[in-house]
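Trainee: Attaching a single structure in structure tokens format; questions to follow.
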Amino acid sequence: MLFLTPRAWSRFLPRVRLKTKSQLRILAVVATLAVITPIVLINLSVAFFGSSVVFPLSPFFLGEKLSALGAYAAHRPICLVTEHPDVPTLISRSEIKNRLPRGLLAAIIQVESAGRPHRISSAGAMGLGQLMPSTARRLGISDPFDSEANIDGAGRLMAENLARFRGNIQLAVAAYNAGAGAVNGRVPQNGQTPIYVSRVMHAYSEIKRARATTVVSRP
């Protein structure tokens, strides 16, 4: 091949280039699939097991989602032999223990998970109170899908927030959603937290109204 004429070389080289470009395209596709496939599998698993809506190609919070799926896998066998306790009872107990306004924690649980103990959010938050993996670890919760442990942790977190913001319920609720560091004397205007605070406050108002009606209607 080294003794090919210039004319022969001119015919041979384009073929080599075309073959190389084709190989590069194949490698690019393989590399893309290698990156995308785990992301899609993680997101679809969260959507399926966590009863959430998750964009399959979302690259965000992958570590948190993996942590949540691991915790879920460790917890799920327990459900085969035991049932989750009554959620309203656990909420009432946590509100009393942590000296929370009655109905506030119930409103948060309602907005966060609608009472679903195995919910995993698109950000990897877990359980009834939708605790992030780092928050669950800080609170000493080994099984975030255990209803009692999760609600107790959510109650302690809200008690911390209320103490930090001197009893201001709206700021405490905002901190539950966005993190205490993001709340600087007002509800963060990040497009999500104001809506979240509004929903929780509405649910809290409805719960208080329902309880007041029940008390009045008693003989």
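How things are named: the first chain in the structure tokens is A, the next is B, and so on; residues count from 1 in each chain; ligands count from 1 in the order shown.
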Do a neighbour search on region 184-195 of chain A at 9 Å with only C-alpha atoms, toss out local chain neighbours closer than 6 positions, and write the hits as a list in words.

Mentor: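 The contact residues come out as Phe165, Gln170, Leu171, Val173, Ala174, Ala175, Asn177 and Ala178 of chain A.
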
Trainee: Among the residues of region 19-215 of chain A, find those DSSP assigns to alpha helix (DSSP H) from the backbone and print them as a PDB file with C-alpha atoms, in the first residue's frame.

Mentor:
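Saved to result14.pdb:
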```pdb
ATOM      1  CA  LYS A  19     -15.047   5.012   7.912  1.00  0.00           C
ATOM      2  CA  THR A  20     -13.504   7.030  10.744  1.00  0.00           C
ATOM      3  CA  LYS A  21     -16.428   9.477  10.810  1.00  0.00           C
ATOM      4  CA  SER A  22     -18.861   6.574  10.941  1.00  0.00           C
ATOM      5  CA  GLN A  23     -16.952   5.057  13.849  1.00  0.00           C
ATOM      6  CA  LEU A  24     -16.977   8.395  15.648  1.00  0.00           C
ATOM      7  CA  ARG A  25     -20.730   8.661  15.223  1.00  0.00           C
ATOM      8  CA  ILE A  26     -21.185   5.181  16.661  1.00  0.00           C
ATOM      9  CA  LEU A  27     -18.908   5.988  19.594  1.00  0.00           C
ATOM     10  CA  ALA A  28     -20.829   9.214  20.203  1.00  0.00           C
ATOM     11  CA  VAL A  29     -24.130   7.325  20.254  1.00  0.00           C
ATOM     12  CA  VAL A  30     -22.744   4.661  22.598  1.00  0.00           C
ATOM     13  CA  ALA A  31     -21.301   7.307  24.932  1.00  0.00           C
ATOM     14  CA  THR A  32     -24.598   9.221  24.932  1.00  0.00           C
ATOM     15  CA  LEU A  33     -26.563   6.085  25.759  1.00  0.00           C
ATOM     16  CA  ALA A  34     -24.092   5.215  28.512  1.00  0.00           C
ATOM     17  CA  VAL A  35     -24.754   8.594  30.137  1.00  0.00           C
ATOM     18  CA  ILE A  36     -28.490   8.824  29.503  1.00  0.00           C
ATOM     19  CA  THR A  37     -29.569   5.257  30.355  1.00  0.00           C
ATOM     20  CA  PRO A  38     -28.731   5.401  34.102  1.00  0.00           C
ATOM     21  CA  ILE A  39     -30.412   8.810  34.365  1.00  0.00           C
ATOM     22  CA  VAL A  40     -33.572   7.514  32.711  1.00  0.00           C
ATOM     23  CA  LEU A  41     -33.607   4.383  34.892  1.00  0.00           C
ATOM     24  CA  ILE A  42     -33.240   6.425  38.090  1.00  0.00           C
ATOM     25  CA  ASN A  43     -35.988   8.863  37.136  1.00  0.00           C
ATOM     26  CA  LEU A  44     -38.404   6.166  35.979  1.00  0.00           C
ATOM     27  CA  SER A  45     -37.793   4.222  39.203  1.00  0.00           C
ATOM     28  CA  VAL A  46     -38.589   7.291  41.293  1.00  0.00           C
ATOM     29  CA  ALA A  47     -41.729   7.907  39.243  1.00  0.00           C
ATOM     30  CA  PHE A  48     -42.886   4.291  39.565  1.00  0.00           C
ATOM     31  CA  PHE A  49     -41.988   3.477  43.174  1.00  0.00           C
ATOM     32  CA  LEU A  62     -29.559  12.193  41.035  1.00  0.00           C
ATOM     33  CA  GLY A  63     -27.639  11.501  44.239  1.00  0.00           C
ATOM     34  CA  GLU A  64     -30.675  12.278  46.375  1.00  0.00           C
ATOM     35  CA  LYS A  65     -32.894  10.088  44.188  1.00  0.00           C
ATOM     36  CA  LEU A  66     -30.466   7.180  44.432  1.00  0.00           C
ATOM     37  CA  SER A  67     -30.326   7.586  48.206  1.00  0.00           C
ATOM     38  CA  ALA A  68     -34.131   7.638  48.383  1.00  0.00           C
ATOM     39  CA  LEU A  69     -34.437   4.528  46.229  1.00  0.00           C
ATOM     40  CA  GLY A  70     -31.917   2.738  48.433  1.00  0.00           C
ATOM     41  CA  ALA A  71     -33.859   3.665  51.560  1.00  0.00           C
ATOM     42  CA  TYR A  72     -37.081   2.547  49.889  1.00  0.00           C
ATOM     43  CA  ALA A  73     -35.568  -0.824  48.930  1.00  0.00           C
ATOM     44  CA  ALA A  74     -34.392  -1.338  52.511  1.00  0.00           C
ATOM     45  CA  HIS A  75     -37.795  -0.385  53.952  1.00  0.00           C
ATOM     46  CA  VAL A  87     -51.276   8.762  60.232  1.00  0.00           C
ATOM     47  CA  PRO A  88     -53.629  11.278  61.974  1.00  0.00           C
ATOM     48  CA  THR A  89     -52.724   9.752  65.341  1.00  0.00           C
ATOM     49  CA  LEU A  90     -48.997  10.073  64.614  1.00  0.00           C
ATOM     50  CA  ILE A  91     -49.441  13.677  63.480  1.00  0.00           C
ATOM     51  CA  SER A  92     -51.413  14.623  66.584  1.00  0.00           C
ATOM     52  CA  ARG A  93     -48.790  13.002  68.810  1.00  0.00           C
ATOM     53  CA  SER A  94     -45.946  14.853  67.071  1.00  0.00           C
ATOM     54  CA  GLU A  95     -47.782  18.196  67.243  1.00  0.00           C
ATOM     55  CA  ILE A  96     -48.264  17.800  70.991  1.00  0.00           C
ATOM     56  CA  LYS A  97     -44.708  16.563  71.581  1.00  0.00           C
ATOM     57  CA  LEU A 104     -50.111  22.802  61.133  1.00  0.00           C
ATOM     58  CA  LEU A 105     -48.173  19.562  60.762  1.00  0.00           C
ATOM     59  CA  ALA A 106     -51.264  17.882  59.338  1.00  0.00           C
ATOM     60  CA  ALA A 107     -51.447  20.598  56.684  1.00  0.00           C
ATOM     61  CA  ILE A 108     -47.772  20.126  55.783  1.00  0.00           C
ATOM     62  CA  ILE A 109     -48.146  16.347  55.477  1.00  0.00           C
ATOM     63  CA  GLN A 110     -51.239  16.826  53.334  1.00  0.00           C
ATOM     64  CA  VAL A 111     -49.458  19.161  50.916  1.00  0.00           C
ATOM     65  CA  GLU A 112     -46.167  17.268  50.916  1.00  0.00           C
ATOM     66  CA  SER A 113     -47.352  13.706  50.319  1.00  0.00           C
ATOM     67  CA  PRO A 133     -31.783  12.493  52.581  1.00  0.00           C
ATOM     68  CA  SER A 134     -29.444  15.028  54.216  1.00  0.00           C
ATOM     69  CA  THR A 135     -32.247  16.295  56.477  1.00  0.00           C
ATOM     70  CA  ALA A 136     -33.202  12.755  57.481  1.00  0.00           C
ATOM     71  CA  ARG A 137     -29.583  12.023  58.393  1.00  0.00           C
ATOM     72  CA  ARG A 138     -29.310  15.233  60.417  1.00  0.00           C
ATOM     73  CA  SER A 147     -44.318   6.688  59.183  1.00  0.00           C
ATOM     74  CA  GLU A 148     -43.685   7.293  62.866  1.00  0.00           C
ATOM     75  CA  ALA A 149     -40.033   8.258  62.421  1.00  0.00           C
ATOM     76  CA  ASN A 150     -40.775  10.472  59.425  1.00  0.00           C
ATOM     77  CA  ILE A 151     -43.619  12.386  61.074  1.00  0.00           C
ATOM     78  CA  ASP A 152     -41.641  12.805  64.274  1.00  0.00           C
ATOM     79  CA  GLY A 153     -38.741  14.192  62.236  1.00  0.00           C
ATOM     80  CA  ALA A 154     -41.055  16.536  60.344  1.00  0.00           C
ATOM     81  CA  GLY A 155     -42.464  17.779  63.647  1.00  0.00           C
ATOM     82  CA  ARG A 156     -39.003  18.413  65.082  1.00  0.00           C
ATOM     83  CA  LEU A 157     -37.980  20.251  61.918  1.00  0.00           C
ATOM     84  CA  MET A 158     -41.036  22.509  62.103  1.00  0.00           C
ATOM     85  CA  ALA A 159     -40.370  23.171  65.788  1.00  0.00           C
ATOM     86  CA  GLU A 160     -36.828  24.253  64.868  1.00  0.00           C
ATOM     87  CA  ASN A 161     -38.157  26.552  62.168  1.00  0.00           C
ATOM     88  CA  LEU A 162     -40.770  28.131  64.433  1.00  0.00           C
ATOM     89  CA  ALA A 163     -38.135  28.771  67.099  1.00  0.00           C
ATOM     90  CA  ARG A 164     -35.752  30.252  64.538  1.00  0.00           C
ATOM     91  CA  ILE A 169     -45.773  30.356  60.789  1.00  0.00           C
ATOM     92  CA  GLN A 170     -45.421  31.486  57.180  1.00  0.00           C
ATOM     93  CA  LEU A 171     -41.649  31.856  57.446  1.00  0.00           C
ATOM     94  CA  ALA A 172     -41.377  28.517  59.248  1.00  0.00           C
ATOM     95  CA  VAL A 173     -43.364  26.833  56.481  1.00  0.00           C
ATOM     96  CA  ALA A 174     -41.219  28.553  53.843  1.00  0.00           C
ATOM     97  CA  ALA A 175     -38.106  27.237  55.583  1.00  0.00           C
ATOM     98  CA  TYR A 176     -39.550  23.716  55.553  1.00  0.00           C
ATOM     99  CA  ASN A 177     -39.756  23.971  51.768  1.00  0.00           C
ATOM    100  CA  ALA A 178     -36.723  26.035  50.781  1.00  0.00           C
ATOM    101  CA  THR A 193     -41.986  28.435  47.793  1.00  0.00           C
ATOM    102  CA  PRO A 194     -44.700  31.156  47.686  1.00  0.00           C
ATOM    103  CA  ILE A 195     -47.092  28.661  46.080  1.00  0.00           C
ATOM    104  CA  TYR A 196     -46.125  26.032  48.639  1.00  0.00           C
ATOM    105  CA  VAL A 197     -46.690  28.401  51.566  1.00  0.00           C
ATOM    106  CA  SER A 198     -50.061  29.422  50.156  1.00  0.00           C
ATOM    107  CA  ARG A 199     -51.153  25.798  49.814  1.00  0.00           C
ATOM    108  CA  VAL A 200     -50.050  24.881  53.338  1.00  0.00           C
ATOM    109  CA  MET A 201     -51.699  27.928  54.879  1.00  0.00           C
ATOM    110  CA  HIS A 202     -54.932  27.178  53.011  1.00  0.00           C
ATOM    111  CA  ALA A 203     -54.886  23.550  54.197  1.00  0.00           C
ATOM    112  CA  TYR A 204     -54.073  24.708  57.744  1.00  0.00           C
ATOM    113  CA  SER A 205     -57.025  27.112  57.674  1.00  0.00           C
ATOM    114  CA  GLU A 206     -59.353  24.374  56.426  1.00  0.00           C
ATOM    115  CA  ILE A 207     -58.203  21.946  59.114  1.00  0.00           C
ATOM    116  CA  LYS A 208     -58.704  24.536  61.851  1.00  0.00           C
ATOM    117  CA  ARG A 209     -62.162  25.378  60.496  1.00  0.00           C
ATOM    118  CA  ALA A 210     -63.157  21.697  60.398  1.00  0.00           C
ATOM    119  CA  ARG A 211     -61.979  21.167  63.979  1.00  0.00           C
ATOM    120  CA  ALA A 212     -63.801  24.259  65.204  1.00  0.00           C
ATOM    121  CA  THR A 213     -67.006  23.047  63.512  1.00  0.00           C
ATOM    122  CA  THR A 214     -66.619  19.617  65.115  1.00  0.00           C
ATOM    123  CA  VAL A 215     -66.199  21.144  68.580  1.00  0.00           C
TER     124      VAL A 215
END
```

Trainee: One decimal, in Å: what's the spacing between CA of His118 (chain A) and CA of Ser51 (chain A)?

Mentor: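 That distance, rounded to one decimal, is 7.9 Å.
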
Trainee: So what do you get for CA of Gly167 (chain A) versus CA of Gly124 (chain A), distance-wise?

Mentor: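 Computing it gives 28.5 Å between the two atoms.
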
Trainee: What gap, in Å, lies between CA of Phe60 (chain A) and CA of Ile120 (chain A)?

Mentor: 14.2 Å
